[in-house]
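Structure data (mmCIF, C-alpha atoms) from start12.cif:
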data_model
loop_
_atom_site.label_atom_id
_atom_site.label_comp_id
_atom_site.auth_asym_id
_atom_site.auth_seq_id
_atom_site.Cartn_x
_atom_site.Cartn_y
_atom_site.Cartn_z
CA MET A 1 18.95 27.31 5.28
CA ASP A 2 15.58 26.37 3.72
CA ILE A 3 13.74 23.16 4.56
CA ARG A 4 14.80 21.27 1.43
CA SER A 5 18.45 22.13 1.98
CA ASP A 6 18.19 21.18 5.65
CA MET A 7 16.64 17.81 4.75
CA LEU A 8 19.27 17.12 2.14
CA SER A 9 22.08 17.96 4.56
CA ARG A 10 20.65 15.68 7.25
CA LEU A 11 20.18 12.82 4.77
CA ARG A 12 23.72 13.12 3.44
CA ASN A 13 25.13 13.16 6.96
CA ARG A 14 22.93 10.35 8.30
CA LYS A 15 24.76 7.48 9.94
CA PRO A 16 23.98 4.29 7.94
CA GLY A 17 22.08 1.69 9.91
CA TYR A 18 20.56 4.27 12.26
CA THR A 19 17.13 5.84 12.60
CA LEU A 20 16.43 9.27 11.12
CA ASP A 21 16.69 12.64 12.84
CA ARG A 22 13.59 13.84 14.72
CA PRO A 23 12.22 16.27 12.09
CA PHE A 24 11.73 13.44 9.58
CA TYR A 25 9.15 11.95 11.95
CA ASN A 26 7.18 14.98 13.13
CA ASP A 27 8.02 18.25 11.34
CA PRO A 28 5.11 19.59 9.19
CA ASP A 29 7.49 21.21 6.70
CA TYR A 30 9.44 17.97 6.25
CA PHE A 31 6.12 16.19 5.78
CA GLN A 32 5.15 18.59 3.00
CA VAL A 33 8.44 17.90 1.22
CA ASP A 34 7.71 14.15 1.56
CA LEU A 35 4.33 14.71 -0.10
CA GLU A 36 5.79 16.71 -2.96
CA ASN A 37 8.71 14.38 -3.68
CA ILE A 38 7.29 10.92 -2.98
CA TRP A 39 3.52 10.86 -2.61
CA TYR A 40 2.84 13.23 -5.50
CA LYS A 41 5.38 11.52 -7.80
CA ASP A 42 5.41 7.75 -7.16
CA TRP A 43 2.91 5.04 -8.05
CA LEU A 44 0.45 4.57 -5.18
CA PHE A 45 -1.75 1.56 -4.46
CA VAL A 46 -5.35 2.72 -4.01
CA GLY A 47 -7.58 -0.37 -4.25
CA HIS A 48 -8.57 -3.45 -6.20
CA ASP A 49 -10.12 -4.06 -9.60
CA CYS A 50 -12.84 -6.12 -7.92
CA GLU A 51 -14.02 -3.04 -5.98
CA VAL A 52 -15.19 -1.43 -9.21
CA PRO A 53 -16.43 -4.49 -11.13
CA ASN A 54 -19.02 -2.79 -13.36
CA PRO A 55 -19.20 0.43 -15.42
CA GLY A 56 -20.14 3.30 -13.14
CA ASN A 57 -18.76 1.72 -9.97
CA TYR A 58 -16.43 4.18 -8.29
CA MET A 59 -14.42 4.81 -5.15
CA THR A 60 -12.57 7.88 -3.94
CA VAL A 61 -9.20 8.27 -2.26
CA ASP A 62 -7.40 11.24 -0.73
CA VAL A 63 -3.64 11.69 -1.13
CA GLY A 64 -2.50 14.77 0.73
CA ALA A 65 -4.30 17.72 -0.86
CA TYR A 66 -5.60 15.66 -3.78
CA SER A 67 -8.95 13.87 -4.01
CA VAL A 68 -9.16 11.23 -6.75
CA ILE A 69 -12.06 9.26 -8.24
CA ILE A 70 -11.39 5.68 -9.39
CA VAL A 71 -14.19 4.64 -11.76
CA ARG A 72 -14.86 1.79 -14.17
CA GLY A 73 -15.61 3.22 -17.63
CA ARG A 74 -18.21 2.05 -20.12
CA ASP A 75 -15.44 0.34 -22.07
CA GLY A 76 -14.36 -1.65 -19.00
CA LYS A 77 -11.24 0.41 -18.43
CA ILE A 78 -10.50 1.71 -14.95
CA ASN A 79 -10.06 5.50 -14.98
CA ALA A 80 -8.62 7.82 -12.34
CA LEU A 81 -9.85 11.42 -12.33
CA HIS A 82 -9.20 14.43 -10.16
CA ASN A 83 -12.25 14.90 -7.92
CA SER A 84 -12.52 18.63 -8.61
CA CYS A 85 -15.25 20.02 -10.83
CA ARG A 86 -13.94 22.12 -13.74
CA HIS A 87 -16.59 24.75 -13.02
CA ARG A 88 -15.80 26.07 -9.53
CA GLY A 89 -13.81 23.22 -8.03
CA SER A 90 -16.39 21.41 -5.90
CA ARG A 91 -15.84 17.73 -5.22
CA VAL A 92 -17.89 15.77 -7.71
CA CYS A 93 -18.07 12.54 -5.67
CA ALA A 94 -18.45 13.04 -1.92
CA GLU A 95 -18.96 9.39 -0.95
CA HIS A 96 -16.18 6.86 -0.33
CA ARG A 97 -17.72 4.54 -2.92
CA GLY A 98 -20.83 4.26 -5.05
CA SER A 99 -22.27 3.68 -8.49
CA ALA A 100 -23.48 6.22 -11.04
CA ALA A 101 -24.51 6.32 -14.69
CA ASN A 102 -22.60 9.61 -14.98
CA LEU A 103 -20.54 11.72 -12.59
CA VAL A 104 -22.67 14.71 -11.60
CA CYS A 105 -21.31 17.62 -9.57
CA PRO A 106 -23.84 18.33 -6.79
CA TYR A 107 -23.17 22.08 -6.87
CA HIS A 108 -24.40 23.11 -10.35
CA GLN A 109 -25.00 19.68 -11.92
CA TRP A 110 -22.17 19.73 -14.39
CA THR A 111 -22.29 16.18 -15.74
CA TYR A 112 -19.27 14.11 -16.74
CA ASP A 113 -19.02 10.81 -18.58
CA LEU A 114 -17.20 7.95 -16.86
CA ASP A 115 -14.02 8.82 -18.76
CA GLY A 116 -14.13 12.36 -17.35
CA SER A 117 -15.34 14.16 -20.48
CA LEU A 118 -17.90 16.93 -19.86
CA MET A 119 -21.33 15.96 -21.19
CA PHE A 120 -23.55 18.75 -19.87
CA ALA A 121 -23.11 22.23 -18.38
CA ARG A 122 -26.31 24.26 -18.11
CA GLN A 123 -26.56 27.77 -19.59
CA MET A 124 -22.86 28.50 -20.05
CA GLY A 125 -23.30 30.66 -23.17
CA ASP A 126 -22.69 30.22 -26.88
CA ASN A 127 -18.90 30.50 -26.67
CA PHE A 128 -18.48 27.74 -24.09
CA ASP A 129 -16.55 24.68 -25.38
CA PRO A 130 -17.31 21.62 -23.18
CA SER A 131 -14.44 19.65 -24.74
CA GLN A 132 -12.00 21.90 -22.87
CA PHE A 133 -13.46 21.26 -19.42
CA GLY A 134 -13.39 17.55 -18.74
CA LEU A 135 -12.22 16.27 -15.35
CA LYS A 136 -8.44 16.18 -15.22
CA GLN A 137 -6.93 12.74 -15.70
CA VAL A 138 -4.71 10.91 -13.21
CA ALA A 139 -2.34 8.20 -14.45
CA CYS A 140 -3.83 4.80 -13.60
CA GLU A 141 -2.56 1.23 -13.98
CA SER A 142 -3.86 -2.17 -12.95
CA ALA A 143 -1.60 -5.14 -12.17
CA GLY A 144 -2.62 -8.50 -10.74
CA GLY A 145 -5.88 -7.10 -9.39
CA TYR A 146 -4.26 -4.05 -7.80
CA ILE A 147 -5.00 -0.46 -8.91
CA PHE A 148 -2.18 2.09 -8.76
CA ILE A 149 -2.29 5.80 -9.53
CA SER A 150 0.38 8.43 -10.04
CA LEU A 151 -0.23 12.14 -9.52
CA ALA A 152 2.95 13.06 -11.39
CA ASP A 153 2.81 14.96 -14.68
CA GLU A 154 5.31 12.44 -16.01
CA PRO A 155 4.83 9.19 -14.06
CA MET A 156 7.68 6.80 -13.39
CA ASN A 157 7.84 3.64 -15.50
CA PHE A 158 5.27 1.20 -14.11
CA GLU A 159 6.30 -1.79 -16.22
CA PRO A 160 9.19 -3.08 -14.04
CA PHE A 161 6.75 -3.50 -11.16
CA ARG A 162 4.10 -5.14 -13.35
CA LYS A 163 6.69 -7.54 -14.80
CA THR A 164 7.79 -8.65 -11.34
CA MET A 165 4.47 -8.65 -9.57
CA GLU A 166 1.97 -10.18 -11.99
CA PRO A 167 3.48 -13.70 -12.28
CA TYR A 168 3.18 -14.02 -8.49
CA PHE A 169 -0.33 -12.60 -8.20
CA LEU A 170 -2.27 -13.62 -11.31
CA PRO A 171 -2.73 -17.26 -10.17
CA HIS A 172 -4.64 -15.95 -7.15
CA ARG A 173 -7.19 -14.23 -9.41
CA LEU A 174 -7.70 -11.22 -7.18
CA ARG A 175 -9.39 -9.40 -10.06
CA GLU A 176 -12.27 -11.82 -9.57
CA ALA A 177 -12.30 -11.83 -5.76
CA LYS A 178 -14.42 -9.67 -3.46
CA VAL A 179 -13.73 -7.60 -0.37
CA ALA A 180 -15.29 -9.36 2.60
CA TYR A 181 -14.33 -6.65 5.07
CA GLU A 182 -12.52 -3.31 5.16
CA SER A 183 -11.23 -1.29 8.08
CA THR A 184 -9.30 1.97 8.39
CA ILE A 185 -7.46 2.99 11.53
CA ILE A 186 -5.67 6.26 12.18
CA GLU A 187 -2.23 5.80 13.69
CA LYS A 188 -0.88 8.90 15.44
CA GLY A 189 2.56 8.61 13.95
CA ASN A 190 4.45 9.57 10.81
CA TRP A 191 4.05 7.31 7.77
CA LYS A 192 7.72 6.32 7.98
CA LEU A 193 7.23 5.02 11.53
CA VAL A 194 4.34 2.89 10.26
CA TRP A 195 6.61 1.40 7.62
CA GLU A 196 9.56 0.90 9.96
CA ASN A 197 7.34 -1.06 12.33
CA ASN A 198 6.05 -3.19 9.47
CA ARG A 199 9.46 -4.07 8.10
CA GLU A 200 10.59 -6.22 11.04
CA CYS A 201 9.30 -8.87 13.40
CA TYR A 202 11.84 -8.09 16.13
CA HIS A 203 8.87 -6.74 18.08
CA CYS A 204 6.45 -9.59 17.32
CA ALA A 205 7.04 -11.96 20.24
CA GLY A 206 6.43 -9.24 22.79
CA ASN A 207 3.48 -7.62 21.05
CA HIS A 208 1.63 -9.94 18.65
CA PRO A 209 0.48 -13.15 20.42
CA GLU A 210 -2.23 -13.85 17.83
CA LEU A 211 -0.01 -13.37 14.78
CA CYS A 212 2.81 -15.42 16.29
CA LYS A 213 0.56 -18.51 16.28
CA THR A 214 1.24 -18.81 12.55
CA TYR A 215 3.75 -16.16 11.39
CA PRO A 216 7.48 -16.93 11.79
CA GLU A 217 9.78 -14.50 13.62
CA ASN A 218 12.62 -15.57 11.33
CA PRO A 219 14.20 -12.25 10.23
CA SER A 220 14.69 -13.56 6.69
CA ILE A 221 10.88 -13.70 6.30
CA SER A 222 10.27 -9.99 6.71
CA GLY A 223 13.76 -8.85 5.71
CA VAL A 224 15.44 -8.47 2.37
CA SER A 225 18.22 -11.04 2.50
CA GLY A 226 19.05 -14.53 3.70
CA ALA A 227 15.80 -16.32 2.84
CA ALA A 228 17.41 -18.50 0.15
CA ASP A 229 19.88 -19.83 2.72
CA ASP A 230 17.10 -21.10 4.98
CA PRO A 231 16.40 -24.80 4.18
CA GLU A 232 12.73 -24.60 5.15
CA THR A 233 12.16 -21.58 2.93
CA ALA A 234 14.06 -23.11 0.00
CA GLU A 235 12.00 -26.30 0.30
CA HIS A 236 8.80 -24.26 0.43
CA TRP A 237 9.75 -22.36 -2.73
CA ALA A 238 10.50 -25.58 -4.57
CA LYS A 239 7.17 -27.13 -3.54
CA CYS A 240 5.15 -24.08 -4.57
CA GLU A 241 6.96 -23.50 -7.85
CA ALA A 242 6.37 -27.16 -8.75
CA ILE A 243 2.62 -26.44 -8.79
CA GLY A 244 3.05 -23.28 -10.85
CA LEU A 245 3.27 -20.64 -8.13
CA PRO A 246 6.27 -18.29 -8.49
CA SER A 247 7.75 -18.02 -5.02
CA LYS A 248 11.44 -17.07 -4.92
CA PHE A 249 12.53 -13.78 -3.43
CA GLN A 250 12.74 -10.87 -5.90
CA ILE A 251 13.53 -7.26 -5.08
CA ASP A 252 13.55 -4.20 -7.32
CA GLU A 253 17.05 -2.92 -8.09
CA ASP A 254 16.11 0.37 -6.37
CA GLY A 255 14.56 -1.40 -3.39
CA GLN A 256 11.06 -0.01 -3.88
CA PHE A 257 9.22 -3.32 -4.14
CA ARG A 258 9.76 -6.94 -3.21
CA ALA A 259 7.83 -10.20 -3.62
CA ALA A 260 8.37 -13.64 -2.07
CA ARG A 261 6.27 -16.57 -0.89
CA MET A 262 7.09 -17.64 2.65
CA PRO A 263 6.11 -20.64 4.79
CA LEU A 264 3.91 -20.29 7.85
CA LEU A 265 4.61 -22.04 11.13
CA ARG A 266 3.93 -25.76 11.53
CA ASP A 267 2.20 -26.13 8.16
CA ALA A 268 -0.46 -23.57 9.09
CA ILE A 269 -2.83 -22.74 6.25
CA SER A 270 -4.17 -19.36 7.29
CA TYR A 271 -3.89 -16.50 9.78
CA THR A 272 -6.19 -17.95 12.43
CA ILE A 273 -5.54 -18.87 16.04
CA SER A 274 -5.68 -22.56 15.10
CA GLY A 275 -3.80 -22.18 11.82
CA ARG A 276 -6.72 -23.79 10.01
CA LYS A 277 -8.59 -22.20 7.10
CA ALA A 278 -10.53 -19.05 7.76
CA VAL A 279 -12.49 -19.58 4.52
CA HIS A 280 -13.64 -23.02 3.41
CA MET A 281 -13.63 -22.00 -0.25
CA ARG A 282 -10.15 -21.39 -1.72
CA LEU A 283 -9.41 -17.86 -2.87
CA SER A 284 -8.62 -18.97 -6.42
CA ASP A 285 -10.00 -21.81 -8.52
CA GLN A 286 -6.55 -21.98 -10.10
CA VAL A 287 -4.70 -22.86 -6.87
CA ASN A 288 -5.71 -26.29 -5.62
CA GLN A 289 -3.43 -26.73 -2.61
CA ASP A 290 -3.86 -25.28 0.86
CA ARG A 291 -0.40 -25.16 2.43
CA ILE A 292 1.21 -22.54 0.21
CA GLY A 293 2.24 -20.20 3.02
CA THR A 294 1.87 -16.46 2.44
CA LEU A 295 2.76 -14.45 -0.63
CA LEU A 296 4.39 -11.25 0.63
CA LEU A 297 4.60 -8.04 -1.35
CA PHE A 298 5.64 -4.57 -0.40
CA HIS A 299 5.66 -1.52 -2.63
CA TYR A 300 6.84 1.71 -1.03
CA PRO A 301 5.25 3.99 -0.03
CA THR A 302 1.70 2.58 0.04
CA THR A 303 1.26 -1.17 0.43
CA TRP A 304 2.23 -4.46 2.01
CA ASN A 305 0.29 -7.68 1.43
CA HIS A 306 -0.31 -11.28 2.46
CA VAL A 307 -1.95 -13.72 0.02
CA LEU A 308 -2.84 -17.18 1.33
CA SER A 309 -4.71 -20.10 -0.16
CA ASP A 310 -8.06 -19.13 1.38
CA HIS A 311 -7.94 -15.32 1.46
CA ALA A 312 -5.77 -12.25 0.99
CA ILE A 313 -5.08 -9.33 3.30
CA THR A 314 -4.00 -6.09 1.68
CA PHE A 315 -2.81 -2.97 3.45
CA ARG A 316 -2.75 0.61 2.23
CA VAL A 317 -0.78 3.38 3.91
CA MET A 318 -1.88 7.00 3.38
CA PRO A 319 -0.30 10.02 5.09
CA ILE A 320 -2.65 12.49 6.77
CA SER A 321 -0.22 14.81 8.50
CA ALA A 322 3.30 14.76 9.88
CA THR A 323 1.99 12.82 12.88
CA GLU A 324 -1.02 10.90 11.51
CA THR A 325 -1.29 8.00 9.08
CA ALA A 326 -4.33 6.11 7.80
CA VAL A 327 -3.87 2.34 7.46
CA THR A 328 -6.62 0.61 5.46
CA THR A 329 -6.86 -3.19 5.61
CA LYS A 330 -8.99 -5.28 3.24
CA TRP A 331 -9.75 -8.99 3.50
CA LEU A 332 -10.42 -10.55 0.07
CA VAL A 333 -12.15 -13.89 -0.47
CA HIS A 334 -13.45 -15.89 -3.42
CA LYS A 335 -16.24 -14.00 -5.18
CA ASP A 336 -18.72 -16.79 -4.45
CA ALA A 337 -17.82 -17.24 -0.77
CA VAL A 338 -20.79 -16.56 1.51
CA GLU A 339 -20.42 -15.07 4.97
CA GLY A 340 -21.85 -17.37 7.63
CA ILE A 341 -21.51 -20.40 5.37
CA ASP A 342 -18.01 -20.34 3.90
CA TYR A 343 -16.47 -18.13 6.58
CA ARG A 344 -17.17 -16.34 9.83
CA LEU A 345 -16.15 -12.71 9.65
CA GLU A 346 -14.80 -12.61 13.19
CA GLU A 347 -12.53 -15.59 12.55
CA LEU A 348 -11.40 -14.20 9.19
CA THR A 349 -10.43 -10.80 10.58
CA HIS A 350 -9.46 -11.52 14.20
CA VAL A 351 -5.68 -11.99 13.88
CA TRP A 352 -5.01 -8.91 11.79
CA THR A 353 -7.58 -6.73 13.57
CA GLU A 354 -5.73 -7.44 16.81
CA THR A 355 -2.31 -7.10 15.17
CA ASN A 356 -3.23 -3.79 13.55
CA ASP A 357 -4.37 -2.34 16.87
CA GLN A 358 -1.21 -3.58 18.57
CA ASP A 359 0.89 -1.99 15.83
CA ARG A 360 -1.06 1.25 16.22
CA GLN A 361 -0.13 1.37 19.90
CA ILE A 362 3.52 0.60 19.09
CA VAL A 363 3.73 3.35 16.46
CA GLU A 364 2.05 5.88 18.73
CA GLU A 365 4.40 5.17 21.63
CA ASN A 366 7.34 5.37 19.23
CA ALA A 367 6.09 8.75 17.98
CA ARG A 368 5.64 10.07 21.53
CA GLY A 369 9.14 9.00 22.49
CA ILE A 370 10.70 10.72 19.49
CA LEU A 371 9.15 14.01 20.65
CA SER A 372 11.48 13.95 23.65
CA PRO A 373 14.49 16.29 23.52
CA ALA A 374 16.48 13.27 24.69
CA TYR A 375 15.81 11.39 21.43
CA GLU A 376 18.74 10.77 19.12
CA PRO A 377 19.02 8.27 16.24
CA GLY A 378 19.69 4.71 17.41
CA PRO A 379 21.11 1.63 15.67
CA TYR A 380 19.01 -1.01 13.94
CA SER A 381 19.63 -4.66 14.81
CA GLU A 382 21.82 -6.21 12.13
CA VAL A 383 20.14 -9.55 12.85
CA HIS A 384 16.46 -8.57 12.97
CA GLU A 385 16.02 -5.14 11.40
CA GLY A 386 17.60 -5.46 7.98
CA GLY A 387 14.21 -4.74 6.41
CA VAL A 388 13.87 -1.53 8.39
CA ALA A 389 17.36 -0.40 7.44
CA GLN A 390 16.51 -1.15 3.81
CA PHE A 391 13.34 0.95 3.96
CA VAL A 392 15.21 3.92 5.44
CA GLU A 393 17.93 3.41 2.84
CA TRP A 394 15.31 3.52 0.10
CA TYR A 395 13.77 6.69 1.54
CA THR A 396 17.17 8.34 1.99
CA ARG A 397 18.40 7.62 -1.53
CA PHE A 398 15.14 8.59 -3.21
CA MET A 399 14.88 11.84 -1.29
CA GLU A 400 18.55 12.66 -1.85
CA SER A 401 18.15 12.28 -5.61
CA ARG A 402 14.94 14.27 -5.76
CA LEU A 403 16.07 17.09 -3.53
CA SER A 404 19.42 17.42 -5.31
CA GLY A 405 18.10 16.81 -8.83
CA GLU A 406 20.90 14.32 -9.46
CA GLY A 407 18.80 11.81 -11.36
CA LYS A 408 17.53 8.33 -10.64
CA PRO A 409 18.28 7.02 -7.15
CA SER A 410 20.13 3.76 -6.71
CA LEU A 411 20.03 1.31 -3.85
CA ARG A 412 23.31 1.23 -2.02
CA SER A 413 22.55 -1.99 -0.16
CA VAL A 414 19.77 -4.40 0.63
CA ALA A 415 20.80 -4.97 4.22
#

Serialized structure, structure tokens:
Amino acid sequence: MDIRSDMLSRLRNRKPGYTLDRPFYNDPDYFQVDLENIWYKDWLFVGHDCEVPNPGNYMTVDVGAYSVIIVRGRDGKINALHNSCRHRGSRVCAEHRGSAANLVCPYHQWTYDLDGSLMFARQMGDNFDPSQFGLKQVACESAGGYIFISLADEPMNFEPFRKTMEPYFLPHRLREAKVAYESTIIEKGNWKLVWENNRECYHCAGNHPELCKTYPENPSISGVSGAADDPETAEHWAKCEAIGLPSKFQIDEDGQFRAARMPLLRDAISYTISGRKAVHMRLSDQVNQDRIGTLLLFHYPTTWNHVLSDHAITFRVMPISATETAVTTKWLVHKDAVEGIDYRLEELTHVWTETNDQDRQIVEENARGILSPAYEPGPYSEVHEGGVAQFVEWYTRFMESRLSGEGKPSLRSVA
């Protein structure tokens, strides 16, 4: 039996509400199938519009074997281009981010315009047609200040996500914000373990003392059902929607993305030890109240997010190998906020820097335990881990449909 058939058999025979079989978490061949069927086909969050504010500003991102340049064009459009010179394949941009009038390959100085078209290739002969050798395009979309790319030849429809997401995010004006700080940590665990850990707070009380100062352990906050039945949450939604902030829980029919605005503990404003603001200047000039809780968004497989009144924290998940995952966190503040005057960086980043490191340790211990021959799939808590079960359900249904070729996956349940 080949790997794809083995995966499909295991998925079809998986016990609902239980963790996956061991190979899904550590087998290199399973990981490659994940790359080919999810990471190389779905829309992936890569960064923010505000990171490439001017023509020529660029950043690079690696997705499995692919290297991609995200660059602001002369016309203001954000372009995504394969970072592989059309001459002999060298990377054109070696730095994580930068600014350039044109994109110049360092090997033989082939020069590309910011839209990827080839402008100059020295001494290539009379029969050489530069119009045939521009950098290859990658599908790119921007929504609410977030940049997504798709490596697929025929990308999935992006509009359902844009339609759901933008009403929630546009009031926060993240397109006009700035990144105050960025960190990337490498978690020695499979990308699915990173997501499973994120999708519940069952572990929070025993592992996240800083986060638990302001973030509720209520399973309806991180889960995918029950929030509307909670009086505090319903009251919070009503208050926020009255000032023009969409807040009610919405989930994609296939379970791939979800948005909702949730209250913090005891009227906390921000993720700080005291619950007070981390940034004195509000994130958006359009939002003039402080106690709006946190706007939560997830979009599988790359991002979860928290947007507060004073700043936003965005997370990007990128697979490195079957047993390594890069988690990049960015703290966004108002474009005019000044470090040392409007905020102290240590206070702004402390809670999530600590929480990220705690989660890294959790994921790594989880990954080590799964290596044991004694491991077998265990049951998720029906009370606390509905969000985890929903993530695994999403993964299972999407992979089943793609491995079998049976068409668009559907979500069987939302926990």

* Kindly resolve the PyMOL selection byres ((chain A and resi 187) around 10) on the present coordinates and return the residues as number ranges by chain. => A: 184-186, 188-191, 193-194, 319-320, 323-327, 356-357, 359-364, 367

* Asked: Distance CA of Glu406 (chain A)-CA of Ile149 (chain A), one decimal place?
  ->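 Taking CA of Glu406 (chain A) as the start and CA of Ile149 (chain A) as the end point, the length is 24.7 Å.
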
* Close residues, Phe24 (chain A) itself excluded, 12 Å, all atoms listed in the file, min 4 positions apart in chain, as an MDAnalysis selection string -> chainID A and resid 3:4 6:8 10:11 14 19:20 28:34 189:193 322:323 367 370:371 377 392 395:396 399

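Excluding Ala234 (chain A) itself and same-chain residues fewer than 6 positions from it, the residues having an atom within 9 Å of it are Ala227, Ala228 and Lys248 of chain A, counting all atoms listed in the file.
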
* Might you pull out every residue within 8 Å of Val279 (chain A), with all atoms listed in the file counted and same-chain residues fewer than 2 positions away left off, and present them as an MDAnalysis selection string? => chainID A and resid 277 281:282 310:311 333 337 342:344 348

* To do: Kindly indicate which residue among A:Leu118, A:Met165, A:Cys201, A:Ala260 lies nearest to Glu385 (chain A), using all atoms listed in the file for the distances.
  =>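 The answer is A:Cys201, which sits nearest to Glu385 (chain A).
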
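One distance worth recording is that between CA of Lys15 (chain A) and CA of Glu376 (chain A), which is 11.5 Å.
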
* Asked: Hey, what comes out of the PyMOL selection byres ((chain A and resi 259) around 8) on this file? Could you write it as an MDAnalysis selection string?
  -> chainID A and resid 164:165 168 247:251 257:258 260:261 295:298

Take the selection from the previous step and output its residues with C-alpha atoms, as an mmCIF file, keeping the file's coordinate frame.
data_model
loop_
_atom_site.group_PDB
_atom_site.id
_atom_site.type_symbol
_atom_site.label_atom_id
_atom_site.label_comp_id
_atom_site.auth_asym_id
_atom_site.auth_seq_id
_atom_site.Cartn_x
_atom_site.Cartn_y
_atom_site.Cartn_z
ATOM 1 C CA THR A 164 7.790 -8.650 -11.340
ATOM 2 C CA MET A 165 4.470 -8.650 -9.570
ATOM 3 C CA TYR A 168 3.180 -14.020 -8.490
ATOM 4 C CA SER A 247 7.750 -18.020 -5.020
ATOM 5 C CA LYS A 248 11.440 -17.070 -4.920
ATOM 6 C CA PHE A 249 12.530 -13.780 -3.430
ATOM 7 C CA GLN A 250 12.740 -10.870 -5.900
ATOM 8 C CA ILE A 251 13.530 -7.260 -5.080
ATOM 9 C CA PHE A 257 9.220 -3.320 -4.140
ATOM 10 C CA ARG A 258 9.760 -6.940 -3.210
ATOM 11 C CA ALA A 260 8.370 -13.640 -2.070
ATOM 12 C CA ARG A 261 6.270 -16.570 -0.890
ATOM 13 C CA LEU A 295 2.760 -14.450 -0.630
ATOM 14 C CA LEU A 296 4.390 -11.250 0.630
ATOM 15 C CA LEU A 297 4.600 -8.040 -1.350
ATOM 16 C CA PHE A 298 5.640 -4.570 -0.400
#

* Asked: Got a sec to resolve the PyMOL selection byres ((chain A and resi 264) around 6) on this structure and send the residues as a ChimeraX atom specification?
  -> /A:214-215,263,265,268,293

* Asked: Which residue gives the smallest distance to Ser84 (chain A) among A:Leu211, A:Met124, A:Leu35, A:Leu135, with all atoms listed in the file counted?
  ->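 Checking each of A:Leu211, A:Met124, A:Leu35, A:Leu135 against Ser84 (chain A), counting all atoms listed in the file, the winner is A:Leu135.
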
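Here CA of Arg397 (chain A) and CA of Pro155 (chain A) stand 18.5 Å from one another.
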
May I have the residues within 9 Å of Pro55 (chain A) as a CSV table (one decimal) with C-alpha atoms, in the coordinates of the input, using all atoms listed in the file and disregarding those fewer than 4 positions away in the same chain?
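The resulting result-v9.csv:
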chain,number,residue,atom,x,y,z
A,71,VAL,CA,-14.2,4.6,-11.8
A,72,ARG,CA,-14.9,1.8,-14.2
A,73,GLY,CA,-15.6,3.2,-17.6
A,74,ARG,CA,-18.2,2.0,-20.1
A,75,ASP,CA,-15.4,0.3,-22.1
A,76,GLY,CA,-14.4,-1.6,-19.0
A,77,LYS,CA,-11.2,0.4,-18.4
A,78,ILE,CA,-10.5,1.7,-15.0
A,99,SER,CA,-22.3,3.7,-8.5
A,100,ALA,CA,-23.5,6.2,-11.0
A,101,ALA,CA,-24.5,6.3,-14.7
A,114,LEU,CA,-17.2,8.0,-16.9
